[in-house]
$ cat query07.pdb   # PDB, C-alpha atoms
ATOM      1  CA  MET A   1       0.000   0.000   0.000  1.00  0.00           C
ATOM      2  CA  THR A   2       1.492   3.340  -0.991  1.00  0.00           C
ATOM      3  CA  GLU A   3       1.797   6.359   1.242  1.00  0.00           C
ATOM      4  CA  GLU A   4      -0.931   8.106  -0.723  1.00  0.00           C
ATOM      5  CA  THR A   5      -3.355   5.340   0.294  1.00  0.00           C
ATOM      6  CA  THR A   6      -5.969   6.206   2.887  1.00  0.00           C
ATOM      7  CA  GLU A   7      -5.007   5.598   6.544  1.00  0.00           C
ATOM      8  CA  ALA A   8      -5.774   2.129   7.895  1.00  0.00           C
ATOM      9  CA  GLY A   9      -9.115   1.893   9.568  1.00  0.00           C
ATOM     10  CA  GLY A  10     -11.264   2.654   6.564  1.00  0.00           C
ATOM     11  CA  ALA A  11     -11.247   6.475   6.586  1.00  0.00           C
ATOM     12  CA  ALA A  12     -12.405   7.674   3.163  1.00  0.00           C
ATOM     13  CA  THR A  13     -10.419  10.129   1.135  1.00  0.00           C
ATOM     14  CA  GLU A  14     -11.832  13.511   0.188  1.00  0.00           C
ATOM     15  CA  GLY A  15     -14.370  13.352  -2.594  1.00  0.00           C
ATOM     16  CA  THR A  16     -15.386   9.703  -2.007  1.00  0.00           C
ATOM     17  CA  THR A  17     -19.079   9.402  -2.784  1.00  0.00           C
ATOM     18  CA  GLY A  18     -21.819   7.344  -1.265  1.00  0.00           C
ATOM     19  CA  THR A  19     -25.194   6.258  -2.602  1.00  0.00           C
ATOM     20  CA  GLY A  20     -26.389   8.413  -5.478  1.00  0.00           C
ATOM     21  CA  GLY A  21     -22.973   9.968  -6.062  1.00  0.00           C
ATOM     22  CA  ALA A  22     -23.160  12.340  -3.079  1.00  0.00           C
ATOM     23  CA  SER A  23     -20.375  12.519  -0.556  1.00  0.00           C
ATOM     24  CA  ALA A  24     -20.896  11.529   3.068  1.00  0.00           C
ATOM     25  CA  GLU A  25     -20.741  15.206   4.059  1.00  0.00           C
ATOM     26  CA  GLU A  26     -23.384  16.150   1.458  1.00  0.00           C
ATOM     27  CA  THR A  27     -25.866  13.476   2.525  1.00  0.00           C
ATOM     28  CA  GLY A  28     -25.360  14.239   6.209  1.00  0.00           C
ATOM     29  CA  THR A  29     -24.780  10.607   7.106  1.00  0.00           C
ATOM     30  CA  GLY A  30     -22.880   9.384  10.110  1.00  0.00           C
ATOM     31  CA  LYS A  31     -22.100  11.367  13.227  1.00  0.00           C
ATOM     32  CA  ALA A  32     -22.305  14.736  11.473  1.00  0.00           C
ATOM     33  CA  ALA A  33     -25.979  14.066  10.656  1.00  0.00           C
ATOM     34  CA  ALA A  34     -26.709  13.300  14.290  1.00  0.00           C
ATOM     35  CA  GLY A  35     -25.455  16.689  15.330  1.00  0.00           C
ATOM     36  CA  GLU A  36     -22.082  15.457  16.542  1.00  0.00           C
ATOM     37  CA  THR A  37     -18.826  16.949  15.349  1.00  0.00           C
ATOM     38  CA  ALA A  38     -17.058  14.486  13.093  1.00  0.00           C
ATOM     39  CA  PRO A  39     -13.387  14.008  13.988  1.00  0.00           C
ATOM     40  CA  ARG A  40     -11.006  15.757  11.623  1.00  0.00           C
ATOM     41  CA  ARG A  41      -9.105  13.306   9.459  1.00  0.00           C
ATOM     42  CA  ARG A  42      -5.598  12.763  10.809  1.00  0.00           C
ATOM     43  CA  GLY A  43      -2.977  14.703   8.881  1.00  0.00           C
ATOM     44  CA  ARG A  44      -5.302  17.486   7.682  1.00  0.00           C
ATOM     45  CA  PRO A  45      -4.658  20.963   9.168  1.00  0.00           C
ATOM     46  CA  SER A  46      -7.558  22.990  10.501  1.00  0.00           C
ATOM     47  CA  ARG A  47      -8.741  25.972   8.479  1.00  0.00           C
ATOM     48  CA  LYS A  48      -7.418  28.341  11.159  1.00  0.00           C
ATOM     49  CA  ALA A  49      -3.979  26.687  11.203  1.00  0.00           C
ATOM     50  CA  ALA A  50      -3.800  26.849   7.438  1.00  0.00           C
ATOM     51  CA  ALA A  51      -4.785  30.511   7.433  1.00  0.00           C
ATOM     52  CA  ASP A  52      -2.651  31.731  10.364  1.00  0.00           C
ATOM     53  CA  GLY A  53       0.511  29.664   9.910  1.00  0.00           C
ATOM     54  CA  PRO A  54       3.076  29.258   7.125  1.00  0.00           C
ATOM     55  CA  ASP A  55       1.951  27.853   3.787  1.00  0.00           C
ATOM     56  CA  ALA A  56       1.808  24.082   3.388  1.00  0.00           C
ATOM     57  CA  ARG A  57       5.031  23.794   1.392  1.00  0.00           C
ATOM     58  CA  THR A  58       6.993  25.698   4.035  1.00  0.00           C
ATOM     59  CA  ARG A  59       5.519  23.576   6.835  1.00  0.00           C
ATOM     60  CA  ILE A  60       6.452  20.412   4.955  1.00  0.00           C
ATOM     61  CA  LEU A  61      10.048  21.554   4.487  1.00  0.00           C
ATOM     62  CA  GLU A  62      10.457  22.559   8.109  1.00  0.00           C
ATOM     63  CA  ALA A  63       8.934  19.285   9.255  1.00  0.00           C
ATOM     64  CA  ALA A  64      11.160  17.335   6.883  1.00  0.00           C
ATOM     65  CA  ARG A  65      14.306  18.993   8.173  1.00  0.00           C
ATOM     66  CA  THR A  66      13.299  18.182  11.750  1.00  0.00           C
ATOM     67  CA  GLU A  67      12.344  14.594  10.928  1.00  0.00           C
ATOM     68  CA  PHE A  68      15.590  13.918   9.063  1.00  0.00           C
ATOM     69  CA  ALA A  69      17.578  15.485  11.917  1.00  0.00           C
ATOM     70  CA  GLU A  70      15.865  13.447  14.621  1.00  0.00           C
ATOM     71  CA  ARG A  71      15.322  10.128  12.846  1.00  0.00           C
ATOM     72  CA  GLY A  72      17.922   9.984  10.097  1.00  0.00           C
ATOM     73  CA  TYR A  73      17.235   9.258   6.455  1.00  0.00           C
ATOM     74  CA  ASP A  74      16.266   5.587   6.738  1.00  0.00           C
ATOM     75  CA  LYS A  75      13.712   6.014   9.520  1.00  0.00           C
ATOM     76  CA  THR A  76      12.077   9.114   8.076  1.00  0.00           C
ATOM     77  CA  SER A  77       8.993   8.533   5.921  1.00  0.00           C
ATOM     78  CA  VAL A  78       6.839  10.770   3.768  1.00  0.00           C
ATOM     79  CA  ARG A  79       3.881   9.855   5.968  1.00  0.00           C
ATOM     80  CA  GLY A  80       5.797  10.916   9.084  1.00  0.00           C
ATOM     81  CA  ILE A  81       6.771  14.217   7.492  1.00  0.00           C
ATOM     82  CA  ALA A  82       3.162  14.823   6.475  1.00  0.00           C
ATOM     83  CA  LYS A  83       1.906  14.126   9.979  1.00  0.00           C
ATOM     84  CA  ALA A  84       4.461  16.487  11.506  1.00  0.00           C
ATOM     85  CA  ALA A  85       3.503  19.203   9.009  1.00  0.00           C
ATOM     86  CA  GLY A  86      -0.241  18.685   9.515  1.00  0.00           C
ATOM     87  CA  VAL A  87      -0.972  17.789   5.900  1.00  0.00           C
ATOM     88  CA  ASP A  88      -1.905  14.728   3.868  1.00  0.00           C
ATOM     89  CA  ALA A  89       0.920  12.564   2.557  1.00  0.00           C
ATOM     90  CA  ALA A  90      -0.414  13.107  -0.975  1.00  0.00           C
ATOM     91  CA  LEU A  91       0.411  16.803  -0.634  1.00  0.00           C
ATOM     92  CA  VAL A  92       4.037  15.988   0.145  1.00  0.00           C
ATOM     93  CA  HIS A  93       4.168  13.866  -3.006  1.00  0.00           C
ATOM     94  CA  HIS A  94       2.496  16.682  -4.938  1.00  0.00           C
ATOM     95  CA  TYR A  95       5.184  19.203  -4.024  1.00  0.00           C
ATOM     96  CA  PHE A  96       8.298  17.013  -3.889  1.00  0.00           C
ATOM     97  CA  GLY A  97       7.556  13.678  -5.551  1.00  0.00           C
ATOM     98  CA  THR A  98       9.563  11.249  -3.412  1.00  0.00           C
ATOM     99  CA  LYS A  99      11.408  11.146  -0.111  1.00  0.00           C
ATOM    100  CA  ASP A 100      14.603  11.912  -2.019  1.00  0.00           C
ATOM    101  CA  GLY A 101      12.900  15.013  -3.387  1.00  0.00           C
ATOM    102  CA  VAL A 102      11.925  16.196   0.081  1.00  0.00           C
ATOM    103  CA  PHE A 103      15.437  15.485   1.327  1.00  0.00           C
ATOM    104  CA  ALA A 104      16.977  17.516  -1.515  1.00  0.00           C
ATOM    105  CA  ALA A 105      14.634  20.431  -0.803  1.00  0.00           C
ATOM    106  CA  ALA A 106      15.512  20.280   2.916  1.00  0.00           C
ATOM    107  CA  VAL A 107      19.215  20.452   2.033  1.00  0.00           C
ATOM    108  CA  GLU A 108      18.544  23.466  -0.180  1.00  0.00           C
ATOM    109  CA  LEU A 109      16.561  25.137   2.612  1.00  0.00           C
ATOM    110  CA  THR A 110      19.588  24.809   4.884  1.00  0.00           C
ATOM    111  CA  PHE A 111      22.163  26.165   2.424  1.00  0.00           C
ATOM    112  CA  GLU A 112      20.007  28.756   0.567  1.00  0.00           C
ATOM    113  CA  PRO A 113      22.137  28.801  -2.615  1.00  0.00           C
ATOM    114  CA  ALA A 114      20.379  31.874  -4.009  1.00  0.00           C
ATOM    115  CA  LEU A 115      21.888  33.852  -1.128  1.00  0.00           C
ATOM    116  CA  VAL A 116      25.160  31.951  -0.857  1.00  0.00           C
ATOM    117  CA  LEU A 117      26.491  32.246  -4.397  1.00  0.00           C
ATOM    118  CA  PRO A 118      26.303  36.065  -4.700  1.00  0.00           C
ATOM    119  CA  ALA A 119      27.756  36.479  -1.197  1.00  0.00           C
ATOM    120  CA  VAL A 120      30.719  34.221  -1.989  1.00  0.00           C
ATOM    121  CA  LEU A 121      31.332  35.394  -5.558  1.00  0.00           C
ATOM    122  CA  ASP A 122      30.995  39.136  -4.942  1.00  0.00           C
ATOM    123  CA  GLY A 123      34.319  40.749  -4.152  1.00  0.00           C
ATOM    124  CA  PRO A 124      37.876  40.479  -5.392  1.00  0.00           C
ATOM    125  CA  PRO A 125      38.839  37.041  -6.799  1.00  0.00           C
ATOM    126  CA  GLU A 126      41.849  36.791  -4.522  1.00  0.00           C
ATOM    127  CA  GLY A 127      39.547  36.731  -1.487  1.00  0.00           C
ATOM    128  CA  LEU A 128      37.299  33.924  -2.726  1.00  0.00           C
ATOM    129  CA  GLY A 129      38.876  31.199  -0.593  1.00  0.00           C
ATOM    130  CA  GLU A 130      38.467  33.283   2.547  1.00  0.00           C
ATOM    131  CA  ARG A 131      34.825  34.104   1.783  1.00  0.00           C
ATOM    132  CA  LEU A 132      34.059  30.466   1.047  1.00  0.00           C
ATOM    133  CA  ALA A 133      35.686  29.248   4.262  1.00  0.00           C
ATOM    134  CA  ALA A 134      33.944  31.943   6.310  1.00  0.00           C
ATOM    135  CA  PHE A 135      30.535  31.097   4.860  1.00  0.00           C
ATOM    136  CA  PHE A 136      30.996  27.358   5.363  1.00  0.00           C
ATOM    137  CA  LEU A 137      32.032  27.698   9.009  1.00  0.00           C
ATOM    138  CA  SER A 138      29.280  30.235   9.742  1.00  0.00           C
ATOM    139  CA  VAL A 139      26.646  27.719   8.636  1.00  0.00           C
ATOM    140  CA  TRP A 140      28.090  25.001  10.874  1.00  0.00           C
ATOM    141  CA  GLU A 141      28.622  27.333  13.839  1.00  0.00           C
ATOM    142  CA  ASP A 142      24.925  28.261  13.891  1.00  0.00           C
ATOM    143  CA  PRO A 143      23.059  25.691  16.071  1.00  0.00           C
ATOM    144  CA  ALA A 144      19.882  26.191  14.015  1.00  0.00           C
ATOM    145  CA  THR A 145      21.582  24.894  10.871  1.00  0.00           C
ATOM    146  CA  ARG A 146      24.218  22.629  12.431  1.00  0.00           C
ATOM    147  CA  THR A 147      21.672  20.068  13.693  1.00  0.00           C
ATOM    148  CA  PRO A 148      20.016  19.366  10.323  1.00  0.00           C
ATOM    149  CA  LEU A 149      23.404  19.463   8.584  1.00  0.00           C
ATOM    150  CA  LEU A 150      24.800  16.819  10.938  1.00  0.00           C
ATOM    151  CA  ALA A 151      21.759  14.665  10.184  1.00  0.00           C
ATOM    152  CA  ILE A 152      22.314  15.170   6.461  1.00  0.00           C
ATOM    153  CA  LEU A 153      25.982  14.243   6.795  1.00  0.00           C
ATOM    154  CA  ARG A 154      25.247  11.111   8.811  1.00  0.00           C
ATOM    155  CA  SER A 155      22.530  10.097   6.364  1.00  0.00           C
ATOM    156  CA  ALA A 156      24.920  10.552   3.448  1.00  0.00           C
ATOM    157  CA  VAL A 157      27.459   8.248   5.099  1.00  0.00           C
ATOM    158  CA  THR A 158      24.953   5.440   5.603  1.00  0.00           C
ATOM    159  CA  HIS A 159      22.500   5.780   2.698  1.00  0.00           C
ATOM    160  CA  GLU A 160      23.383   6.016  -0.990  1.00  0.00           C
ATOM    161  CA  ALA A 161      20.323   8.062  -1.957  1.00  0.00           C
ATOM    162  CA  ALA A 162      21.144  10.664   0.681  1.00  0.00           C
ATOM    163  CA  ALA A 163      24.775  10.688  -0.470  1.00  0.00           C
ATOM    164  CA  ASN A 164      23.651  11.330  -4.050  1.00  0.00           C
ATOM    165  CA  VAL A 165      21.507  14.264  -2.969  1.00  0.00           C
ATOM    166  CA  LEU A 166      24.249  15.822  -0.860  1.00  0.00           C
ATOM    167  CA  ARG A 167      26.883  15.249  -3.530  1.00  0.00           C
ATOM    168  CA  ASP A 168      24.728  16.767  -6.260  1.00  0.00           C
ATOM    169  CA  PHE A 169      23.843  19.807  -4.193  1.00  0.00           C
ATOM    170  CA  VAL A 170      27.166  20.663  -2.549  1.00  0.00           C
ATOM    171  CA  LEU A 171      29.312  19.886  -5.578  1.00  0.00           C
ATOM    172  CA  ARG A 172      27.150  20.713  -8.574  1.00  0.00           C
ATOM    173  CA  ARG A 173      25.021  23.551  -7.254  1.00  0.00           C
ATOM    174  CA  LEU A 174      27.539  25.290  -5.014  1.00  0.00           C
ATOM    175  CA  LEU A 175      31.239  24.596  -5.400  1.00  0.00           C
ATOM    176  CA  GLU A 176      31.305  23.628  -9.067  1.00  0.00           C
ATOM    177  CA  ARG A 177      29.260  26.689  -9.993  1.00  0.00           C
ATOM    178  CA  ILE A 178      31.668  28.869  -8.057  1.00  0.00           C
ATOM    179  CA  ALA A 179      34.647  27.352  -9.865  1.00  0.00           C
ATOM    180  CA  ALA A 180      32.861  27.616 -13.236  1.00  0.00           C
ATOM    181  CA  GLU A 181      32.210  31.320 -12.670  1.00  0.00           C
ATOM    182  CA  LEU A 182      35.968  31.859 -12.532  1.00  0.00           C
ATOM    183  CA  ASP A 183      36.568  29.890 -15.713  1.00  0.00           C
ATOM    184  CA  VAL A 184      39.220  27.612 -14.228  1.00  0.00           C
ATOM    185  CA  PRO A 185      40.171  24.214 -15.701  1.00  0.00           C
ATOM    186  CA  ASP A 186      38.772  21.024 -14.136  1.00  0.00           C
ATOM    187  CA  PRO A 187      36.025  22.748 -12.107  1.00  0.00           C
ATOM    188  CA  THR A 188      34.528  19.437 -10.951  1.00  0.00           C
ATOM    189  CA  LEU A 189      37.835  18.157  -9.587  1.00  0.00           C
ATOM    190  CA  ARG A 190      38.545  21.468  -7.913  1.00  0.00           C
ATOM    191  CA  ALA A 191      35.065  21.485  -6.365  1.00  0.00           C
ATOM    192  CA  GLU A 192      35.523  17.966  -5.010  1.00  0.00           C
ATOM    193  CA  LEU A 193      38.916  18.827  -3.516  1.00  0.00           C
ATOM    194  CA  ALA A 194      37.439  21.891  -1.804  1.00  0.00           C
ATOM    195  CA  ALA A 195      34.512  19.821  -0.531  1.00  0.00           C
ATOM    196  CA  SER A 196      36.809  17.095   0.818  1.00  0.00           C
ATOM    197  CA  HIS A 197      38.841  19.685   2.704  1.00  0.00           C
ATOM    198  CA  MET A 198      35.823  21.356   4.284  1.00  0.00           C
ATOM    199  CA  LEU A 199      33.967  18.139   5.076  1.00  0.00           C
ATOM    200  CA  GLY A 200      37.123  16.821   6.740  1.00  0.00           C
ATOM    201  CA  ILE A 201      37.088  19.861   9.009  1.00  0.00           C
ATOM    202  CA  VAL A 202      33.414  19.274   9.752  1.00  0.00           C
ATOM    203  CA  MET A 203      33.968  15.638  10.710  1.00  0.00           C
ATOM    204  CA  LEU A 204      36.837  16.404  13.078  1.00  0.00           C
ATOM    205  CA  ARG A 205      35.409  19.599  14.591  1.00  0.00           C
ATOM    206  CA  TYR A 206      31.703  18.813  14.933  1.00  0.00           C
ATOM    207  CA  VAL A 207      31.370  15.021  14.831  1.00  0.00           C
ATOM    208  CA  VAL A 208      34.592  13.563  16.282  1.00  0.00           C
ATOM    209  CA  ARG A 209      35.266  16.780  18.235  1.00  0.00           C
ATOM    210  CA  ALA A 210      39.022  16.350  18.032  1.00  0.00           C
ATOM    211  CA  GLU A 211      41.007  18.895  20.023  1.00  0.00           C
ATOM    212  CA  PRO A 212      42.344  21.488  19.550  1.00  0.00           C
ATOM    213  CA  LEU A 213      40.317  21.852  16.314  1.00  0.00           C
ATOM    214  CA  ALA A 214      36.976  21.461  18.117  1.00  0.00           C
ATOM    215  CA  SER A 215      37.699  24.465  20.353  1.00  0.00           C
ATOM    216  CA  ALA A 216      39.633  26.605  17.881  1.00  0.00           C
ATOM    217  CA  ASP A 217      38.313  30.070  17.060  1.00  0.00           C
ATOM    218  CA  PRO A 218      36.435  30.036  13.715  1.00  0.00           C
ATOM    219  CA  ALA A 219      38.370  33.086  12.510  1.00  0.00           C
ATOM    220  CA  GLU A 220      41.641  31.244  13.112  1.00  0.00           C
ATOM    221  CA  ILE A 221      40.410  28.253  11.116  1.00  0.00           C
ATOM    222  CA  VAL A 222      39.299  30.489   8.248  1.00  0.00           C
ATOM    223  CA  ALA A 223      42.686  32.194   8.131  1.00  0.00           C
ATOM    224  CA  MET A 224      44.505  28.848   7.965  1.00  0.00           C
ATOM    225  CA  VAL A 225      42.341  27.056   5.372  1.00  0.00           C
ATOM    226  CA  ALA A 226      41.513  30.014   3.103  1.00  0.00           C
ATOM    227  CA  PRO A 227      44.778  29.831   1.089  1.00  0.00           C
ATOM    228  CA  THR A 228      44.180  26.140   0.335  1.00  0.00           C
ATOM    229  CA  LEU A 229      40.581  26.718  -0.740  1.00  0.00           C
ATOM    230  CA  GLN A 230      41.777  29.625  -2.864  1.00  0.00           C
ATOM    231  CA  ARG A 231      44.119  27.309  -4.772  1.00  0.00           C
ATOM    232  CA  TYR A 232      41.336  24.746  -5.242  1.00  0.00           C
ATOM    233  CA  VAL A 233      38.583  27.001  -6.565  1.00  0.00           C
ATOM    234  CA  ALA A 234      40.534  29.833  -8.171  1.00  0.00           C
ATOM    235  CA  GLY A 235      43.710  28.122  -9.302  1.00  0.00           C
ATOM    236  CA  ARG A 236      45.921  30.621  -7.482  1.00  0.00           C
TER     237      ARG A 236
END
$ encode --input "query07.pdb" --output "structure tokens"
Amino acid sequence: MTEETTEAGGAATEGTTGTGGASAEETGTGKAAAGETAPRRRGRPSRKAAADGPDARTRILEAARTEFAERGYDKTSVRGIAKAAGVDAALVHHYFGTKDGVFAAAVELTFEPALVLPAVLDGPPEGLGERLAAFFLSVWEDPATRTPLLAILRSAVTHEAAANVLRDFVLRRLLERIAAELDVPDPTLRAELAASHMLGIVMLRYVVRAEPLASADPAEIVAMVAPTLQRYVAGR
């Protein structure tokens, strides 16, 4: 049974008709006809919640990021994300297609490439490595983004689909585009070398917590790694 299928227990989906082609709500059958308030179908937000809160797509993305952070990739399901967001699972599929699609969108929400690329690329070319290192560490130093990023990293280590999403986003949509903007040879290789350097720092500083790197001042780390990143992405 797919995740779009109605919840177990026989609850009908919206638009299901009864005798004569009328829906249960139109004919007034069941508890609603007896004057009782019918229970709201699980997973559907109330009208007030839908009107007062963020739009459904935003709620889904926020819920997905939390679910992936708390449960990991394998144990997170589209149905669980939908429940946390207060929507039907079919709506998650409508916006994002599959769990991989939701995961990719959650990664994008964390990195915000539309803001990142101009911030990193603007400025003198000789300062690119420093700007890239500073941006990368700032994202990981922020507790609000560090938690979902750690979940993404752990998921990528243990699950191939998650690794594909992370690889495609970090390499193709961020680092490779930065290298391509500078018209350097072998942009993919340079992007992968830069990514390996930064992800190595992440593993030792935030996951393994190796000292003295784990306690080092971010500005000191930026100053030390910026020249290496500069050689990777700018060729000088």
$ closest_residue --input "query07.pdb" --among "A:Ala89, A:Ala214, A:Ala194, A:Val202" --to "Ala179 in chain A" --atoms "all atoms listed in the file"
A:Ala194
$ closest_residue --input "query07.pdb" --among "A:Leu121, A:Ile178, A:Leu193, A:Ala69" --to "Thr145 in chain A" --atoms "all atoms listed in the file"
A:Ala69
$ atom_distance --input "query07.pdb" --atom1 "CA of Gly129 in chain A" --atom2 "CA of Ala226 in chain A"
4.7 Å
$ atom_distance --input "query07.pdb" --atom1 "CA of Val139 in chain A" --atom2 "CA of Ala219 in chain A"
13.5 Å
$ resolve_selection --input "query07.pdb" --expression "the PyMOL selection byres ((chain A and resi 160-166) around 12)" --output "ChimeraX atom specification"
/A:68,72-74,76,98-108,110-111,149-159,167-174,195,199
$ atom_distance --input "query07.pdb" --atom1 "CA of Ile81 in chain A" --atom2 "CA of Val116 in chain A"
26.9 Å
$ closest_residue --input "query07.pdb" --among "A:Pro118, A:Pro218, A:Gly97, A:Gly127" --to "Asp142 in chain A" --atoms "all atoms listed in the file"
A:Pro218
$ residues_around --input "query07.pdb" --residues "Leu91 in chain A" --least-positions-apart "2" --cutoff "10 Å" --atoms "all atoms listed in the file" --output "compact mmCIF listing (two decimals) with C-alpha atoms, in the coordinates of the input"
# COMPACT_ATOMS: atom_id res chain seq x y z
CA GLU A 4 -0.93 8.11 -0.72
CA ALA A 56 1.81 24.08 3.39
CA ARG A 57 5.03 23.79 1.39
CA ILE A 60 6.45 20.41 4.96
CA VAL A 78 6.84 10.77 3.77
CA ALA A 82 3.16 14.82 6.48
CA VAL A 87 -0.97 17.79 5.90
CA ASP A 88 -1.90 14.73 3.87
CA ALA A 89 0.92 12.56 2.56
CA HIS A 93 4.17 13.87 -3.01
CA HIS A 94 2.50 16.68 -4.94
CA TYR A 95 5.18 19.20 -4.02
CA PHE A 96 8.30 17.01 -3.89
CA GLY A 97 7.56 13.68 -5.55
$ closest_residue --input "query07.pdb" --among "A:Glu181, A:Val225, A:Tyr232, A:Ser215" --to "Gly200 in chain A" --atoms "only C-alpha atoms"
A:Val225
$ closest_residue --input "query07.pdb" --among "A:Thr58, A:Ser138, A:Thr66, A:Gln230" --to "Glu126 in chain A" --atoms "all atoms listed in the file"
A:Gln230
$ closest_residue --input "query07.pdb" --among "A:Leu61, A:Met198, A:Val92, A:Leu117" --to "Leu229 in chain A" --atoms "all atoms listed in the file"
A:Met198
$ axis_aligned_box --input "query07.pdb" --around "range 198-210 of chain A" --padding-each-side "4 Å" --output "JSON"
{"center_x": 35.2, "center_y": 17.5, "center_z": 11.3, "size_x": 15.7, "size_y": 15.8, "size_z": 22.0}
$ residues_around --input "query07.pdb" --residues "Ala223 in chain A" --least-positions-apart "6" --cutoff "10 Å" --atoms "all atoms listed in the file" --output "MDAnalysis selection string"
chainID A and resid 129:130 133:134
